[in-house]
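The next block is final.cif, given as mmCIF, C-alpha atoms.
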data_model
#
loop_
_atom_site.group_PDB
_atom_site.id
_atom_site.type_symbol
_atom_site.label_atom_id
_atom_site.label_comp_id
_atom_site.auth_asym_id
_atom_site.auth_seq_id
_atom_site.Cartn_x
_atom_site.Cartn_y
_atom_site.Cartn_z
ATOM 1 C CA MET A 1 160.673 73.416 145.709
ATOM 2 C CA PRO A 2 164.226 72.149 145.268
ATOM 3 C CA ILE A 3 166.660 73.661 142.815
ATOM 4 C CA VAL A 4 165.274 73.620 139.293
ATOM 5 C CA PRO A 5 167.432 74.542 136.301
ATOM 6 C CA ILE A 6 165.879 76.624 133.558
ATOM 7 C CA ARG A 7 167.762 76.424 130.282
ATOM 8 C CA MET A 8 165.353 77.757 127.709
ATOM 9 C CA LYS A 9 163.078 80.727 127.513
ATOM 10 C CA GLY A 10 159.603 79.578 128.299
ATOM 11 C CA SER A 11 160.743 76.827 130.638
ATOM 12 C CA GLU A 12 160.102 79.118 133.584
ATOM 13 C CA ARG A 13 156.368 79.032 132.946
ATOM 14 C CA PRO A 14 155.738 75.419 133.999
ATOM 15 C CA VAL A 15 158.062 75.990 136.958
ATOM 16 C CA ALA A 16 155.955 78.981 138.003
ATOM 17 C CA GLU A 17 152.758 76.979 137.518
ATOM 18 C CA ARG A 18 154.120 74.168 139.683
ATOM 19 C CA LEU A 19 155.215 76.644 142.337
ATOM 20 C CA ASN A 20 151.724 78.185 142.326
ATOM 21 C CA VAL A 21 150.226 74.769 143.065
ATOM 22 C CA LEU A 22 152.741 74.073 145.828
ATOM 23 C CA LEU A 23 152.147 77.431 147.480
ATOM 24 C CA LYS A 24 148.378 76.975 147.469
ATOM 25 C CA GLN A 25 148.763 73.456 148.894
ATOM 26 C CA GLN A 26 150.839 74.902 151.714
ATOM 27 C CA GLY A 27 148.194 77.444 152.595
ATOM 28 C CA PHE A 28 149.549 80.569 150.921
ATOM 29 C CA SER A 29 147.138 83.108 149.491
ATOM 30 C CA THR A 30 146.757 82.929 145.727
ATOM 31 C CA VAL A 31 148.328 86.351 145.196
ATOM 32 C CA VAL A 32 151.701 85.179 146.564
ATOM 33 C CA GLY A 33 152.142 82.661 143.781
ATOM 34 C CA GLN A 34 150.787 85.110 141.233
ATOM 35 C CA TYR A 35 153.361 87.760 142.159
ATOM 36 C CA ILE A 36 156.166 85.200 142.290
ATOM 37 C CA SER A 37 155.216 83.979 138.815
ATOM 38 C CA TRP A 38 155.397 87.530 137.516
ATOM 39 C CA ILE A 39 158.838 88.079 139.040
ATOM 40 C CA LEU A 40 160.142 84.662 138.055
ATOM 41 C CA GLY A 41 159.061 85.293 134.481
ATOM 42 C CA GLU A 42 160.880 88.609 134.342
ATOM 43 C CA LEU A 43 164.089 87.451 136.046
ATOM 44 C CA ALA A 44 164.343 84.194 134.128
ATOM 45 C CA ASP A 45 163.749 86.124 130.907
ATOM 46 C CA ASN A 46 166.586 88.456 131.927
ATOM 47 C CA ALA A 47 168.930 85.611 132.785
ATOM 48 C CA LEU A 48 168.308 83.836 129.518
ATOM 49 C CA THR A 49 168.572 87.037 127.473
ATOM 50 C CA HIS A 50 171.209 89.196 129.101
ATOM 51 C CA SER A 51 173.397 86.992 131.215
ATOM 52 C CA SER A 52 175.805 85.811 128.602
ATOM 53 C CA GLN A 53 176.821 86.300 125.037
ATOM 54 C CA LEU A 54 176.701 82.606 124.282
ATOM 55 C CA GLN A 55 173.252 81.093 124.031
ATOM 56 C CA GLY A 56 174.519 77.711 125.092
ATOM 57 C CA ASP A 57 175.835 79.122 128.368
ATOM 58 C CA ARG A 58 172.563 80.582 129.489
ATOM 59 C CA ILE A 59 170.983 78.916 132.464
ATOM 60 C CA CYS A 60 169.258 80.018 135.599
ATOM 61 C CA TYR A 61 168.313 78.157 138.741
ATOM 62 C CA VAL A 62 165.262 78.597 140.921
ATOM 63 C CA LEU A 63 164.378 77.325 144.339
ATOM 64 C CA ALA A 64 161.740 78.235 146.895
ATOM 65 C CA THR A 65 161.538 77.648 150.626
ATOM 66 C CA ARG A 66 158.802 78.364 153.082
ATOM 67 C CA PHE A 67 159.300 79.751 156.574
ATOM 68 C CA VAL A 68 157.242 81.438 159.262
ATOM 69 C CA SER A 69 158.101 84.854 160.650
ATOM 70 C CA ASP A 70 156.044 86.737 163.239
ATOM 71 C CA SER A 71 153.232 84.253 162.633
ATOM 72 C CA SER A 72 153.124 85.034 158.913
ATOM 73 C CA ASN A 73 153.755 82.539 156.169
ATOM 74 C CA CYS A 74 156.760 83.656 154.157
ATOM 75 C CA VAL A 75 158.446 82.302 151.079
ATOM 76 C CA ILE A 76 161.983 82.929 149.967
ATOM 77 C CA VAL A 77 162.628 82.489 146.278
ATOM 78 C CA GLY A 78 166.172 82.129 145.050
ATOM 79 C CA ILE A 79 166.982 82.799 141.415
ATOM 80 C CA ALA A 80 170.528 82.598 140.112
ATOM 81 C CA ASP A 81 172.387 82.615 136.841
ATOM 82 C CA THR A 82 176.004 82.126 135.850
ATOM 83 C CA GLY A 83 176.258 85.019 133.447
ATOM 84 C CA ILE A 84 178.316 88.178 133.282
ATOM 85 C CA GLY A 85 176.457 90.065 136.000
ATOM 86 C CA ILE A 86 173.930 92.881 135.825
ATOM 87 C CA GLN A 87 176.480 95.675 135.944
ATOM 88 C CA ASN A 88 178.574 94.257 133.111
ATOM 89 C CA SER A 89 175.470 93.587 131.072
ATOM 90 C CA LEU A 90 174.291 97.180 131.485
ATOM 91 C CA LYS A 91 177.721 98.632 130.800
ATOM 92 C CA SER A 92 177.821 96.826 127.486
ATOM 93 C CA GLN A 93 175.658 99.695 126.247
ATOM 94 C CA PRO A 94 177.731 102.797 125.345
ATOM 95 C CA GLU A 95 175.522 105.180 127.309
ATOM 96 C CA HIS A 96 176.151 103.235 130.509
ATOM 97 C CA ARG A 97 179.789 102.341 129.925
ATOM 98 C CA LYS A 98 181.249 104.931 132.259
ATOM 99 C CA LEU A 99 179.168 104.043 135.284
ATOM 100 C CA GLY A 100 180.761 102.570 138.362
ATOM 101 C CA ASP A 101 179.781 98.974 139.024
ATOM 102 C CA ALA A 102 177.658 99.712 142.081
ATOM 103 C CA ARG A 103 175.819 102.530 140.311
ATOM 104 C CA ALA A 104 175.250 100.350 137.248
ATOM 105 C CA LEU A 105 173.838 97.535 139.367
ATOM 106 C CA LEU A 106 171.307 99.830 141.053
ATOM 107 C CA ASP A 107 170.522 101.819 137.903
ATOM 108 C CA ALA A 108 169.547 98.572 136.238
ATOM 109 C CA PHE A 109 166.551 98.390 138.581
ATOM 110 C CA ARG A 110 165.194 101.727 137.353
ATOM 111 C CA PRO A 111 162.532 101.650 134.653
ATOM 112 C CA ASN A 112 163.610 101.958 131.030
ATOM 113 C CA VAL A 113 167.211 101.143 131.879
ATOM 114 C CA SER A 114 168.263 98.138 129.872
ATOM 115 C CA SER A 115 171.340 96.568 128.417
ATOM 116 C CA TRP A 116 169.501 96.429 125.124
ATOM 117 C CA ALA A 117 169.645 99.391 122.824
ATOM 118 C CA LYS A 118 166.654 101.695 123.061
ATOM 119 C CA GLU A 119 164.311 98.952 122.049
ATOM 120 C CA TYR A 120 160.705 99.545 122.756
ATOM 121 C CA GLY A 121 159.497 98.816 126.226
ATOM 122 C CA ARG A 122 162.530 97.163 127.755
ATOM 123 C CA GLY A 123 163.870 97.778 131.219
ATOM 124 C CA LYS A 124 160.882 96.988 133.451
ATOM 125 C CA GLY A 125 161.463 93.557 134.915
ATOM 126 C CA LEU A 126 163.866 94.590 137.669
ATOM 127 C CA THR A 127 161.684 97.563 138.580
ATOM 128 C CA ASP A 128 158.826 95.115 139.024
ATOM 129 C CA VAL A 129 160.833 93.225 141.667
ATOM 130 C CA VAL A 130 161.282 96.485 143.597
ATOM 131 C CA LYS A 131 157.641 97.523 143.322
ATOM 132 C CA ILE A 132 156.326 94.124 144.366
ATOM 133 C CA ALA A 133 158.677 93.840 147.345
ATOM 134 C CA LYS A 134 157.869 97.418 148.367
ATOM 135 C CA GLY A 135 154.125 96.844 148.107
ATOM 136 C CA ASN A 136 154.466 93.757 150.293
ATOM 137 C CA ASN A 137 156.747 95.404 152.905
ATOM 138 C CA ALA A 138 159.178 92.633 152.154
ATOM 139 C CA TYR A 139 162.846 92.559 151.123
ATOM 140 C CA PHE A 140 165.309 91.072 148.733
ATOM 141 C CA ILE A 141 169.017 90.759 148.183
ATOM 142 C CA VAL A 142 170.667 91.000 144.807
ATOM 143 C CA ALA A 143 174.236 89.849 144.400
ATOM 144 C CA SER A 144 175.933 90.313 141.069
ATOM 145 C CA ASN A 145 179.547 89.195 140.671
ATOM 146 C CA ASP A 146 181.346 90.801 143.641
ATOM 147 C CA LEU A 147 178.635 93.259 144.649
ATOM 148 C CA ALA A 148 175.511 92.829 146.749
ATOM 149 C CA PHE A 149 172.695 95.047 147.932
ATOM 150 C CA LEU A 150 169.771 94.507 150.274
ATOM 151 C CA MET A 151 166.570 96.373 149.390
ATOM 152 C CA ASP A 152 164.572 96.438 152.610
ATOM 153 C CA PHE A 153 160.943 97.572 152.765
ATOM 154 C CA ARG A 154 159.959 96.006 156.089
ATOM 155 C CA ASP A 155 159.811 99.343 157.878
ATOM 156 C CA ASN A 156 157.387 101.707 156.149
ATOM 157 C CA ASN A 157 159.173 104.671 157.700
ATOM 158 C CA ASN A 158 162.590 103.601 156.505
ATOM 159 C CA PRO A 159 162.641 101.771 153.173
ATOM 160 C CA HIS A 160 166.280 101.639 152.211
ATOM 161 C CA ILE A 161 169.099 100.018 150.288
ATOM 162 C CA GLU A 162 172.159 98.688 152.070
ATOM 163 C CA LYS A 163 175.392 97.521 150.564
ATOM 164 C CA ARG A 164 176.182 93.985 151.638
ATOM 165 C CA ILE A 165 179.122 91.637 151.402
ATOM 166 C CA PRO A 166 178.160 88.962 148.890
ATOM 167 C CA ILE A 167 178.237 85.373 150.089
ATOM 168 C CA SER A 168 179.928 84.463 146.833
ATOM 169 C CA THR A 169 181.776 86.515 144.247
ATOM 170 C CA ALA A 170 181.214 83.937 141.538
ATOM 171 C CA PRO A 171 180.290 85.350 138.157
ATOM 172 C CA GLY A 172 176.576 85.789 137.679
ATOM 173 C CA THR A 173 173.588 87.179 139.500
ATOM 174 C CA ARG A 174 171.778 85.812 142.505
ATOM 175 C CA TYR A 175 168.486 87.026 143.950
ATOM 176 C CA GLY A 176 166.993 86.124 147.286
ATOM 177 C CA LEU A 177 163.464 87.503 147.418
ATOM 178 C CA VAL A 178 161.306 87.166 150.502
ATOM 179 C CA LEU A 179 157.566 87.644 150.167
ATOM 180 C CA ILE A 180 155.152 87.646 153.075
ATOM 181 C CA ASP A 181 151.635 86.264 152.894
ATOM 182 C CA ASN A 182 150.139 89.520 153.970
ATOM 183 C CA THR A 183 149.001 92.699 152.261
ATOM 184 C CA PHE A 184 150.171 93.461 148.749
ATOM 185 C CA LYS A 185 149.680 97.111 147.961
ATOM 186 C CA PRO A 186 149.944 97.930 144.252
ATOM 187 C CA ILE A 187 152.849 100.311 143.860
ATOM 188 C CA PRO A 188 153.357 102.126 140.551
ATOM 189 C CA ARG A 189 156.723 101.802 138.871
ATOM 190 C CA SER A 190 157.146 105.554 139.215
ATOM 191 C CA GLU A 191 157.142 105.168 143.015
ATOM 192 C CA ALA A 192 159.718 102.384 142.811
ATOM 193 C CA ASP A 193 161.827 104.627 140.591
ATOM 194 C CA ALA A 194 161.613 107.539 143.032
ATOM 195 C CA PHE A 195 162.796 105.227 145.822
ATOM 196 C CA LEU A 196 165.736 103.974 143.735
ATOM 197 C CA LYS A 197 166.725 107.454 142.620
ATOM 198 C CA ASN A 198 166.705 108.765 146.197
ATOM 199 C CA GLU A 199 168.658 105.838 147.565
ATOM 200 C CA ILE A 200 171.278 106.009 144.817
ATOM 201 C CA LYS A 201 171.772 109.655 145.743
ATOM 202 C CA ARG A 202 171.844 108.901 149.490
ATOM 203 C CA LEU A 203 174.464 106.222 148.960
ATOM 204 C CA GLY A 204 176.611 108.680 147.044
ATOM 205 C CA LEU A 205 176.759 106.583 143.899
ATOM 206 C CA MET B 1 133.605 93.900 120.425
ATOM 207 C CA ILE B 2 135.109 90.417 120.461
ATOM 208 C CA PHE B 3 137.086 89.263 123.464
ATOM 209 C CA PHE B 4 140.013 86.956 122.808
ATOM 210 C CA GLY B 5 140.788 84.534 125.589
ATOM 211 C CA LEU B 6 144.349 84.142 126.760
ATOM 212 C CA LYS B 7 144.069 81.002 128.850
ATOM 213 C CA GLU B 8 144.776 78.818 125.826
ATOM 214 C CA PHE B 9 148.316 80.205 126.005
ATOM 215 C CA GLY B 10 148.801 79.175 129.625
ATOM 216 C CA SER B 11 147.936 80.188 133.164
ATOM 217 C CA VAL B 12 151.288 81.966 133.599
ATOM 218 C CA LEU B 13 152.050 84.377 130.755
ATOM 219 C CA THR B 14 155.590 85.696 130.938
ATOM 220 C CA GLY B 15 158.480 86.462 128.639
ATOM 221 C CA ARG B 16 158.808 89.122 125.971
ATOM 222 C CA GLU B 17 159.389 86.698 123.134
ATOM 223 C CA TYR B 18 156.409 84.608 124.163
ATOM 224 C CA GLY B 19 154.345 87.780 124.210
ATOM 225 C CA LYS B 20 155.398 88.486 120.627
ATOM 226 C CA THR B 21 154.534 84.935 119.619
ATOM 227 C CA VAL B 22 151.108 85.133 121.234
ATOM 228 C CA TYR B 23 150.444 88.503 119.618
ATOM 229 C CA GLU B 24 151.338 87.113 116.191
ATOM 230 C CA THR B 25 148.912 84.244 116.787
ATOM 231 C CA LEU B 26 146.161 86.624 117.874
ATOM 232 C CA ALA B 27 146.862 89.136 115.117
ATOM 233 C CA ALA B 28 146.004 86.543 112.502
ATOM 234 C CA LYS B 29 142.396 86.487 113.742
ATOM 235 C CA LEU B 30 141.991 89.894 115.382
ATOM 236 C CA THR B 31 139.227 92.204 114.360
ATOM 237 C CA HIS B 32 139.117 95.627 115.913
ATOM 238 C CA PRO B 33 137.897 96.636 118.386
ATOM 239 C CA ALA B 34 139.252 93.624 120.238
ATOM 240 C CA GLY B 35 139.308 92.926 123.930
ATOM 241 C CA LEU B 36 141.278 90.442 126.010
ATOM 242 C CA ASP B 37 139.799 87.913 128.417
ATOM 243 C CA PHE B 38 142.084 86.858 131.253
ATOM 244 C CA GLU B 39 139.831 84.157 132.639
ATOM 245 C CA GLY B 40 141.994 81.222 133.675
ATOM 246 C CA VAL B 41 145.182 83.313 133.631
ATOM 247 C CA GLU B 42 146.828 83.468 137.044
ATOM 248 C CA SER B 43 149.736 85.752 136.317
ATOM 249 C CA MET B 44 151.254 87.946 133.639
ATOM 250 C CA GLY B 45 154.663 89.564 133.400
ATOM 251 C CA SER B 46 155.212 93.127 132.247
ATOM 252 C CA SER B 47 157.296 92.108 129.273
ATOM 253 C CA PHE B 48 154.607 89.753 128.015
ATOM 254 C CA GLY B 49 151.929 92.353 128.636
ATOM 255 C CA ASP B 50 153.824 94.997 126.665
ATOM 256 C CA GLU B 51 153.939 92.783 123.610
ATOM 257 C CA ILE B 52 150.247 92.021 123.380
ATOM 258 C CA VAL B 53 148.286 94.780 125.094
ATOM 259 C CA ILE B 54 150.048 97.776 123.592
ATOM 260 C CA PRO B 55 149.967 96.803 119.911
ATOM 261 C CA ILE B 56 146.289 95.857 120.134
ATOM 262 C CA ALA B 57 145.469 99.157 121.850
ATOM 263 C CA ARG B 58 147.544 101.185 119.385
ATOM 264 C CA ALA B 59 145.586 99.679 116.480
ATOM 265 C CA GLN B 60 142.309 100.850 117.980
ATOM 266 C CA GLY B 61 142.774 104.412 119.109
ATOM 267 C CA ASN B 62 145.010 103.600 122.075
ATOM 268 C CA LYS B 63 142.183 101.858 123.878
ATOM 269 C CA ILE B 64 141.512 98.314 124.936
ATOM 270 C CA VAL B 65 138.989 96.581 127.175
ATOM 271 C CA VAL B 66 140.017 93.587 129.263
ATOM 272 C CA LYS B 67 137.995 91.367 131.510
ATOM 273 C CA ASN B 68 138.489 88.804 134.265
ATOM 274 C CA ALA B 69 141.876 90.213 135.238
ATOM 275 C CA ASN B 70 142.748 89.328 138.849
ATOM 276 C CA PRO B 71 144.285 91.993 141.124
ATOM 277 C CA VAL B 72 147.876 90.992 140.272
ATOM 278 C CA ILE B 73 147.262 91.186 136.538
ATOM 279 C CA THR B 74 145.359 94.427 137.075
ATOM 280 C CA SER B 75 148.419 95.886 138.788
ATOM 281 C CA CYS B 76 150.534 94.949 135.780
ATOM 282 C CA LEU B 77 147.992 96.398 133.344
ATOM 283 C CA THR B 78 147.809 99.645 135.304
ATOM 284 C CA ASP B 79 151.543 100.134 134.869
ATOM 285 C CA ILE B 80 151.332 99.373 131.164
ATOM 286 C CA ALA B 81 148.513 101.876 130.733
ATOM 287 C CA GLU B 82 150.326 104.607 132.633
ATOM 288 C CA GLU B 83 153.628 104.218 130.874
ATOM 289 C CA SER B 84 152.303 103.693 127.381
ATOM 290 C CA GLN B 85 149.612 106.338 127.581
ATOM 291 C CA ILE B 86 146.908 103.920 126.555
ATOM 292 C CA ASP B 87 143.473 103.537 128.044
ATOM 293 C CA ILE B 88 142.874 100.077 129.489
ATOM 294 C CA GLU B 89 139.321 99.542 130.692
ATOM 295 C CA ILE B 90 139.275 96.693 133.171
ATOM 296 C CA LYS B 91 135.927 94.914 133.448
ATOM 297 C CA SER B 92 135.218 92.322 136.096
#
How does this structure look as structure tokens?
Amino acid sequence: MPIVPIRMKGSERPVAERLNVLLKQQGFSTVVGQYISWILGELADNALTHSSQLQGDRICYVLATRFVSDSSNCVIVGIADTGIGIQNSLKSQPEHRKLGDARALLDAFRPNVSSWAKEYGRGKGLTDVVKIAKGNNAYFIVASNDLAFLMDFRDNNNPHIEKRIPISTAPGTRYGLVLIDNTFKPIPRSEADAFLKNEIKRLGL
Amino acid sequence: MIFFGLKEFGSVLTGREYGKTVYETLAAKLTHPAGLDFEGVESMGSSFGDEIVIPIARAQGNKIVVKNANPVITSCLTDIAEESQIDIEIKS
């Protein structure tokens, strides 16, 4: 699926539906599209809610590409916005203001951490990306402004986060999520949180 | 118990605001105890799920029955149940 702009909340749903159809046509298991739809919904919602102060500026882009790795069908989904970046969004809340940028970026993936005030139920979408990638033994890169991290779950014995040099330091957030048409093990958010907490500590953030 | 179908709202149910909108639509005709039928729904996001499952459950003793939820939706519902301390019975 080539680059598709999403400008309004709700516009991601027909994009996800179309992607589901394309994935099935290309032989992917149904669950791949179902998980991607879940993630796309959460990340697009984030981009169109948090990424900028000005409603008219909010936009995110989505694309998806198929490839084969070790005989498995894989899909890489790219989602990008041109907002203020995850870390700046989180640090707009007083309780997170003093965090370093790298720590803020990773903290944002923990459950119940949100750039909104303590509004009921927020702060789950990014955790869902971690839990889905972990359950699939897959990986993703998040780049936000001038920071980037790889979250790599391919090796069950060594799930880890690595700091990376971002391809671009342009304002905004960019995700590259790889999912593999293989087993998806349901992982609770609490397990994703434990992973994030341990890695943040290991990285000395 | 009456089950309210969600497929009329789409096969992909995501977005917190859309969840609120759908809940408001359902609330106008809800009678408790109410269940949710996910037949025809391929995927649901956590934010959407929070906005419809939790308020319905809270209005009926923190319990709700759902049916026809596929494994991906079930995974989402399991998280919602655990974090919100509600009982979601998932029927096939």
Item to complete: Would you write out, as a list in words, every residue that the PyMOL selection byres ((chain A and resi 185-195) around 6) captures in this file?
Response: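 When the PyMOL selection byres ((chain A and resi 185-195) around 6) is applied, the selected residues are Arg110, Lys131, Gly135, Phe184, Leu196, Lys197 and Asn198 of chain A.
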Explicit residues for the PyMOL selection byres ((chain A and resi 35-47) around 6) (as a CSV table (one decimal) with C-alpha atoms, in the coordinates of the input):
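What ended up in expr20.csv:
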chain,number,residue,atom,x,y,z
A,16,ALA,CA,156.0,79.0,138.0
A,32,VAL,CA,151.7,85.2,146.6
A,33,GLY,CA,152.1,82.7,143.8
A,34,GLN,CA,150.8,85.1,141.2
A,48,LEU,CA,168.3,83.8,129.5
A,49,THR,CA,168.6,87.0,127.5
A,50,HIS,CA,171.2,89.2,129.1
A,51,SER,CA,173.4,87.0,131.2
A,125,GLY,CA,161.5,93.6,134.9
B,14,THR,CA,155.6,85.7,130.9
B,15,GLY,CA,158.5,86.5,128.6
B,44,MET,CA,151.3,87.9,133.6
B,45,GLY,CA,154.7,89.6,133.4
Discussion item. Between B:Leu36, B:Ile54, B:Val41, B:Val66, which residue has the minimum interatomic distance to Gly10 in chain B, considering all atoms listed in the file?
Written reply: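 Of the candidates, the smallest distance to Gly10 in chain B is held by B:Val41.
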Worksheet item: Which residues match the PyMOL selection byres ((chain A and resi 143-157) around 9) in the file above, as number ranges by chain?
Response: A: 83-87, 101-102, 105-106, 130, 133-142, 158-176
To test the calculation: enclose all listed atoms of range 77-83 of chain A in a box whose edges run along x, y and z, add 4 Å on each side, then state centre and edge lengths in Å to one decimal, as lines of an AutoDock Vina configuration file.
center_x = 169.4
center_y = 83.6
center_z = 139.9
size_x = 21.6
size_y = 10.9
size_z = 20.8
Item to complete: Tell me, in Å to one decimal, how far CA of Thr65 in chain A is from CA of Arg7 in chain A.
Response: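 That distance, rounded to one decimal, is 21.3 Å.
Compared by their closest atoms to Thr30 in chain A, and using only C-alpha atoms, the residues A:Ile76, A:Val15, A:Leu126, A:Asp181 rank with A:Asp181 nearest.
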Worksheet entry | Distance query Ala27 in chain B at most 10 Å, all atoms listed in the file, self and fewer than 5 positions along chain excluded, as a VMD selection string | chain B and resid 21 to 22 52 55 to 56
Practice prompt. Do a neighbour search on range 23-29 of chain A at 9 Å with only C-alpha atoms, toss out local chain neighbours closer than 2 positions, and write the hits as a PyMOL selection string.
Written response: chain A and resi 18-21+31-33+66+73-75+181-182
Using only C-alpha atoms, tabulate the residues of chain B lying at most 12 Å from any atom of chain A, each with its closest atom pair and that distance in Å to one decimal, by chain and increasing residue number, as a Markdown table.
| residue | atom | partner | partner_atom | distance |
| --- | --- | --- | --- | --- |
| B:Phe9 | CA | A:Arg13 | CA | 10.7 |
| B:Gly10 | CA | A:Arg13 | CA | 8.3 |
| B:Ser11 | CA | A:Glu17 | CA | 7.2 |
| B:Val12 | CA | A:Arg13 | CA | 5.9 |
| B:Leu13 | CA | A:Arg13 | CA | 7.2 |
| B:Thr14 | CA | A:Gly41 | CA | 5.0 |
| B:Gly15 | CA | A:Asp45 | CA | 5.7 |
| B:Arg16 | CA | A:Asp45 | CA | 7.6 |
| B:Glu17 | CA | A:Lys9 | CA | 8.3 |
| B:Tyr18 | CA | A:Gly10 | CA | 7.3 |
| B:Gly19 | CA | A:Gly10 | CA | 10.6 |
| B:Thr21 | CA | A:Gly10 | CA | 11.4 |
| B:Val41 | CA | A:Gln34 | CA | 9.6 |
| B:Glu42 | CA | A:Gln34 | CA | 6.0 |
| B:Ser43 | CA | A:Gln34 | CA | 5.1 |
| B:Met44 | CA | A:Trp38 | CA | 5.7 |
| B:Gly45 | CA | A:Trp38 | CA | 4.6 |
| B:Ser46 | CA | A:Gly125 | CA | 6.8 |
| B:Ser47 | CA | A:Glu42 | CA | 7.1 |
| B:Phe48 | CA | A:Glu42 | CA | 9.0 |
| B:Gly49 | CA | A:Gly121 | CA | 10.2 |
| B:Asp50 | CA | A:Gly121 | CA | 6.9 |
| B:Glu51 | CA | A:Gly121 | CA | 8.6 |
| B:Ile52 | CA | A:Gly121 | CA | 11.8 |
| B:Val53 | CA | A:Gly121 | CA | 12.0 |
| B:Ile54 | CA | A:Gly121 | CA | 9.9 |
| B:Pro55 | CA | A:Tyr120 | CA | 11.4 |
| B:Ala69 | CA | A:Gln34 | CA | 11.9 |
| B:Asn70 | CA | A:Val31 | CA | 9.0 |
| B:Pro71 | CA | A:Val31 | CA | 8.0 |
| B:Val72 | CA | A:Gln34 | CA | 6.6 |
| B:Ile73 | CA | A:Gln34 | CA | 8.4 |
| B:Thr74 | CA | A:Pro186 | CA | 9.2 |
| B:Ser75 | CA | A:Pro186 | CA | 6.0 |
| B:Cys76 | CA | A:Asp128 | CA | 8.9 |
| B:Leu77 | CA | A:Pro188 | CA | 10.7 |
| B:Thr78 | CA | A:Pro188 | CA | 8.0 |
| B:Asp79 | CA | A:Pro188 | CA | 6.3 |
| B:Ile80 | CA | A:Gly121 | CA | 9.6 |
| B:Ala81 | CA | A:Pro188 | CA | 11.0 |
| B:Glu82 | CA | A:Pro188 | CA | 8.8 |
| B:Glu83 | CA | A:Arg189 | CA | 8.9 |
| B:Ser84 | CA | A:Gly121 | CA | 8.8 |
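For the set A:Leu205, A:Ile6, A:Ile180, A:Leu99, the residue with the smallest atom-to-atom gap to Ala80 in chain A is A:Ile6, counting only C-alpha atoms.
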Worksheet entry | Pick from B:Ile90, B:Gln85, B:Lys67, B:Phe4, whichever lies nearest to Ala28 in chain B using all atoms listed in the file | B:Phe4
